[in-house]
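Enquirer: The structure's right below; bear with me while I get my questions together.
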Amino acid sequence: MKKALAIIFAVLGIDQAVKIWVKTSMYLGQEHRIFDWFIIHFTENNGMAFGLELGGEFGKILLTLFRIGAVVGLFYLLKQLLKKGAPNLSTIAFSLIIAGALGNILDSVFYGLIFSDSYGQLASFFPEGGGYAGLFQGRVVDMLYLPIYKGFLPEWIPFKGGDYFVFFRPVFNIADTAITVGVLILLLFQRNTLSLLDFQGTEKAEN
């Protein structure tokens with residue numbers, strides 16, 4: 001569990017440090033071009049990973065509560081896997097997903113309370129008069145934009161042929177990256193993980 005917690009706190013710390021730096025050093029829409037294919041572009045979203053949204057205040061609260069429930073469930077599964085001697089990759093995968101979910105939960109729950117808005121200005125901590133939104137109404141900070149390819153698609157491609165295309169278009173954050181990497185690891189090693197999670201049920205059936 002110590003290794004898992006170390007991964008979770010490390011990823012969470014990096015995620016929040018980058019988000020706080022962006023919030024307090026950039027205004028919405030500002031960007032720093034590191035390379036043509038790697039841009040720090042400050043944007044915010046009200047919902048899910050990679051800028052997807054679940055509309056309205058109720059939808060936002062529902063999404064945050066779902067994330068919290070998912071984190072609790074993932075912690076339970078992680079503990080079960082560790083008890084059964086899970087491979088390191090499975091532990092890393094669950095730790096990354098938990099860390100990513102927690103990172104975006106913190107934004108959604110608290111950022112509206114502790115930051116002023118970023119429209120045309122740099123945000124400040126605990127502004128006089130309160131933050132830009134209430135509890136559970138904060139916006140998730142995104143900043144990683146990787147337009148690795150920009151150009152027109154070949155004409156022979158059905159429906160989209162000849163259209164201008166950017167890959168990768170969504171702007172995301174460290175937490176999104178951690179979730180994506182964790183899920184990919186699980187997909188590659190899901191047979192081992194599922195067999196460990198099902199071990200207890202199999203043992204009971206045999207008895």
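Residues are named by chain letter and number: chains run A, B, ... in the order of the structure tokens, numbers start at 1 in each chain, and ligands are numbered from 1 in the order shown.
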Between range 57-168 of chain A and range 184-188 of chain A, at 8 Å or less, what are the per-residue closest atom pairs and their distances in Å? Count only C-alpha atoms, order by chain and rising residue number, and return it as JSON lines.
Expert:
{"residue": "A:Leu89", "atom": "CA", "partner": "A:Ile185", "partner_atom": "CA", "distance": 7.0}
{"residue": "A:Ser90", "atom": "CA", "partner": "A:Leu186", "partner_atom": "CA", "distance": 6.5}
{"residue": "A:Ala93", "atom": "CA", "partner": "A:Ile185", "partner_atom": "CA", "distance": 5.9}
Enquirer: Counting only C-alpha atoms, what is within 10 Å of Phe115 in chain A, bar same-chain residues fewer than 4 positions away, as a list in words?
Expert: Ile20, Lys23, Thr24, Phe110, Tyr111, Leu122, Ala123, Ser124, Phe125, Phe126, Pro127, Gly130, Gly131, Tyr132, Ala133 and Gly138 of chain A
Enquirer: Residues as selected, N, CA and C atoms, written as a CSV table (one decimal), in the first residue's frame, can you do that?
Expert:
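The resulting again.csv:
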chain,number,residue,atom,x,y,z
A,20,ILE,N,-2.4,25.0,-10.2
A,20,ILE,CA,-2.3,26.2,-9.5
A,20,ILE,C,-1.4,27.2,-10.2
A,23,LYS,N,-3.4,28.6,-13.1
A,23,LYS,CA,-4.4,29.5,-12.6
A,23,LYS,C,-3.9,30.8,-12.2
A,24,THR,N,-2.7,30.8,-11.5
A,24,THR,CA,-2.2,32.1,-11.0
A,24,THR,C,-1.2,32.8,-11.9
A,110,PHE,N,-13.5,22.4,-4.9
A,110,PHE,CA,-12.9,23.5,-4.1
A,110,PHE,C,-12.5,24.7,-4.9
A,111,TYR,N,-12.1,24.5,-6.2
A,111,TYR,CA,-11.5,25.7,-6.9
A,111,TYR,C,-12.5,26.9,-7.0
A,122,LEU,N,-5.4,37.3,-14.0
A,122,LEU,CA,-4.8,36.2,-13.3
A,122,LEU,C,-5.6,35.9,-12.1
A,123,ALA,N,-5.9,34.7,-11.8
A,123,ALA,CA,-6.7,34.3,-10.6
A,123,ALA,C,-5.9,34.6,-9.3
A,124,SER,N,-6.6,34.8,-8.2
A,124,SER,CA,-5.9,35.0,-6.9
A,124,SER,C,-6.5,34.0,-6.0
A,125,PHE,N,-5.7,33.6,-4.9
A,125,PHE,CA,-6.2,32.7,-3.9
A,125,PHE,C,-7.1,33.5,-2.9
A,126,PHE,N,-8.2,32.8,-2.5
A,126,PHE,CA,-9.1,33.3,-1.5
A,126,PHE,C,-9.4,34.8,-1.7
A,127,PRO,N,-9.9,35.2,-2.8
A,127,PRO,CA,-10.2,36.6,-3.1
A,127,PRO,C,-11.2,37.2,-2.1
A,130,GLY,N,-15.1,36.3,-1.9
A,130,GLY,CA,-15.3,34.9,-2.2
A,130,GLY,C,-14.9,34.6,-3.6
A,131,GLY,N,-14.9,33.3,-3.9
A,131,GLY,CA,-14.4,32.8,-5.2
A,131,GLY,C,-15.5,32.9,-6.3
A,132,TYR,N,-15.2,32.3,-7.4
A,132,TYR,CA,-16.0,32.5,-8.6
A,132,TYR,C,-17.3,31.6,-8.6
A,133,ALA,N,-17.3,30.6,-7.7
A,133,ALA,CA,-18.5,29.7,-7.7
A,133,ALA,C,-18.5,29.0,-6.3
A,138,GLY,N,-16.8,24.2,-9.0
A,138,GLY,CA,-15.6,24.7,-9.6
A,138,GLY,C,-15.3,24.1,-10.9
Enquirer: Suppose you want the space between CA of Pro170 in chain A and CA of Phe35 in chain A; what is it in Å?
Expert: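 If I compute the distance from CA of Pro170 in chain A to CA of Phe35 in chain A, I get 16.7 Å.
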Enquirer: May I ask for the distance between CA of Leu78 in chain A and CA of Asp176 in chain A, given in Å to one decimal place?
Expert: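 Interatomic distance here is 19.4 Å.
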Enquirer: When you look at Met26 in chain A with a cut-off of 12 Å (counting only C-alpha atoms), what residues show up, excluding the ones that are within fewer than 4 positions of it in the same chain? I need them as number ranges by chain.
Expert: A: 18-22, 30-32, 40-44, 117-124, 141-143
Enquirer: Would you please work out which residue, of A:Gly134, A:Glu128, A:Ala70, A:Ile39, is nearest to Glu57 in chain A when using only C-alpha atoms?
Expert: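 Looking at the shortest contact to Glu57 in chain A, the residue is A:Gly134.
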Enquirer: I want to know what sits within 12 Å of Thr177 in chain A, based on only C-alpha atoms, with residues of the same chain fewer than 6 positions away left out; could you give that as a PyMOL selection string?
Expert: chain A and resi 11-12+14-15+49-50+93+96-101+103-104+142-145+170-171+183-184
Enquirer: Return as a count of residues only the full set of residues in range 45-174 of chain A whose backbone-based DSSP assignment is helix (DSSP H, G or I).
Expert: 59
Enquirer: Name the residues in contact with Gln137 in chain A at a cut-off of 10 Å, using only C-alpha atoms, excluding same-chain residues fewer than 2 positions from it; report them as a PyMOL selection string.
Expert: chain A and resi 46-47+56-58+60-61+64+107-113+132-135+139-140
Enquirer: Between A:Trp37, A:Ile105, A:Val71, A:Trp156, single out the one closest to Arg169 in chain A, counting only C-alpha atoms.
Expert: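 Once distances to Arg169 in chain A are computed over only C-alpha atoms, the minimum belongs to A:Trp37.
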Enquirer: Fewer than 3 positions away in the same chain doesn't count, so skip those; otherwise give me all residues within 7 Å of range 147-153 of chain A, counting only C-alpha atoms, as a ChimeraX atom specification.
Expert: /A:37-38,161-169
Enquirer: For those residues, write N, CA and C atoms to a file as a PDB file, in the first residue's frame.
Expert:
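Here's the written file again07.pdb:
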ATOM      1  N   TRP A  37       4.032  21.248 -31.642  1.00  0.00           N
ATOM      2  CA  TRP A  37       3.132  20.145 -31.296  1.00  0.00           C
ATOM      3  C   TRP A  37       2.862  20.058 -29.779  1.00  0.00           C
ATOM      4  N   PHE A  38       3.404  20.993 -29.004  1.00  0.00           N
ATOM      5  CA  PHE A  38       3.212  20.963 -27.553  1.00  0.00           C
ATOM      6  C   PHE A  38       2.994  22.395 -27.064  1.00  0.00           C
ATOM      7  N   GLY A 161     -13.177  13.070 -45.803  1.00  0.00           N
ATOM      8  CA  GLY A 161     -12.120  13.335 -46.774  1.00  0.00           C
ATOM      9  C   GLY A 161     -12.093  14.790 -47.213  1.00  0.00           C
ATOM     10  N   GLY A 162     -10.922  15.396 -47.191  1.00  0.00           N
ATOM     11  CA  GLY A 162     -10.754  16.799 -47.570  1.00  0.00           C
ATOM     12  C   GLY A 162     -10.936  17.784 -46.444  1.00  0.00           C
ATOM     13  N   ASP A 163     -11.432  17.327 -45.287  1.00  0.00           N
ATOM     14  CA  ASP A 163     -11.635  18.214 -44.136  1.00  0.00           C
ATOM     15  C   ASP A 163     -10.307  18.510 -43.447  1.00  0.00           C
ATOM     16  N   TYR A 164     -10.232  19.693 -42.840  1.00  0.00           N
ATOM     17  CA  TYR A 164      -9.056  20.038 -42.037  1.00  0.00           C
ATOM     18  C   TYR A 164      -9.117  19.262 -40.732  1.00  0.00           C
ATOM     19  N   PHE A 165      -8.014  18.679 -40.334  1.00  0.00           N
ATOM     20  CA  PHE A 165      -7.998  17.761 -39.198  1.00  0.00           C
ATOM     21  C   PHE A 165      -6.832  18.099 -38.270  1.00  0.00           C
ATOM     22  N   VAL A 166      -7.120  18.090 -36.957  1.00  0.00           N
ATOM     23  CA  VAL A 166      -6.085  18.310 -35.945  1.00  0.00           C
ATOM     24  C   VAL A 166      -6.070  17.108 -35.016  1.00  0.00           C
ATOM     25  N   PHE A 167      -4.900  16.532 -34.839  1.00  0.00           N
ATOM     26  CA  PHE A 167      -4.730  15.445 -33.876  1.00  0.00           C
ATOM     27  C   PHE A 167      -3.530  15.797 -32.981  1.00  0.00           C
ATOM     28  N   PHE A 168      -3.733  16.026 -31.746  1.00  0.00           N
ATOM     29  CA  PHE A 168      -4.845  15.675 -30.873  1.00  0.00           C
ATOM     30  C   PHE A 168      -5.516  16.968 -30.454  1.00  0.00           C
ATOM     31  N   ARG A 169      -6.829  17.143 -30.678  1.00  0.00           N
ATOM     32  CA  ARG A 169      -7.479  18.428 -30.488  1.00  0.00           C
ATOM     33  C   ARG A 169      -7.834  18.758 -29.032  1.00  0.00           C
TER      34      ARG A 169
END
Enquirer: Do you have the CA of Arg33 in chain A-CA of Ala10 in chain A distance handy?
Expert: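 Those two atoms sit 26.1 Å apart.
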Enquirer: Counting only C-alpha atoms, figure out which residue out of A:Leu63, A:Tyr76, A:Ile34, A:Ile114 gets nearest to Leu146 in chain A.
Expert: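 Selected residue with least distance to Leu146 in chain A: A:Ile34.
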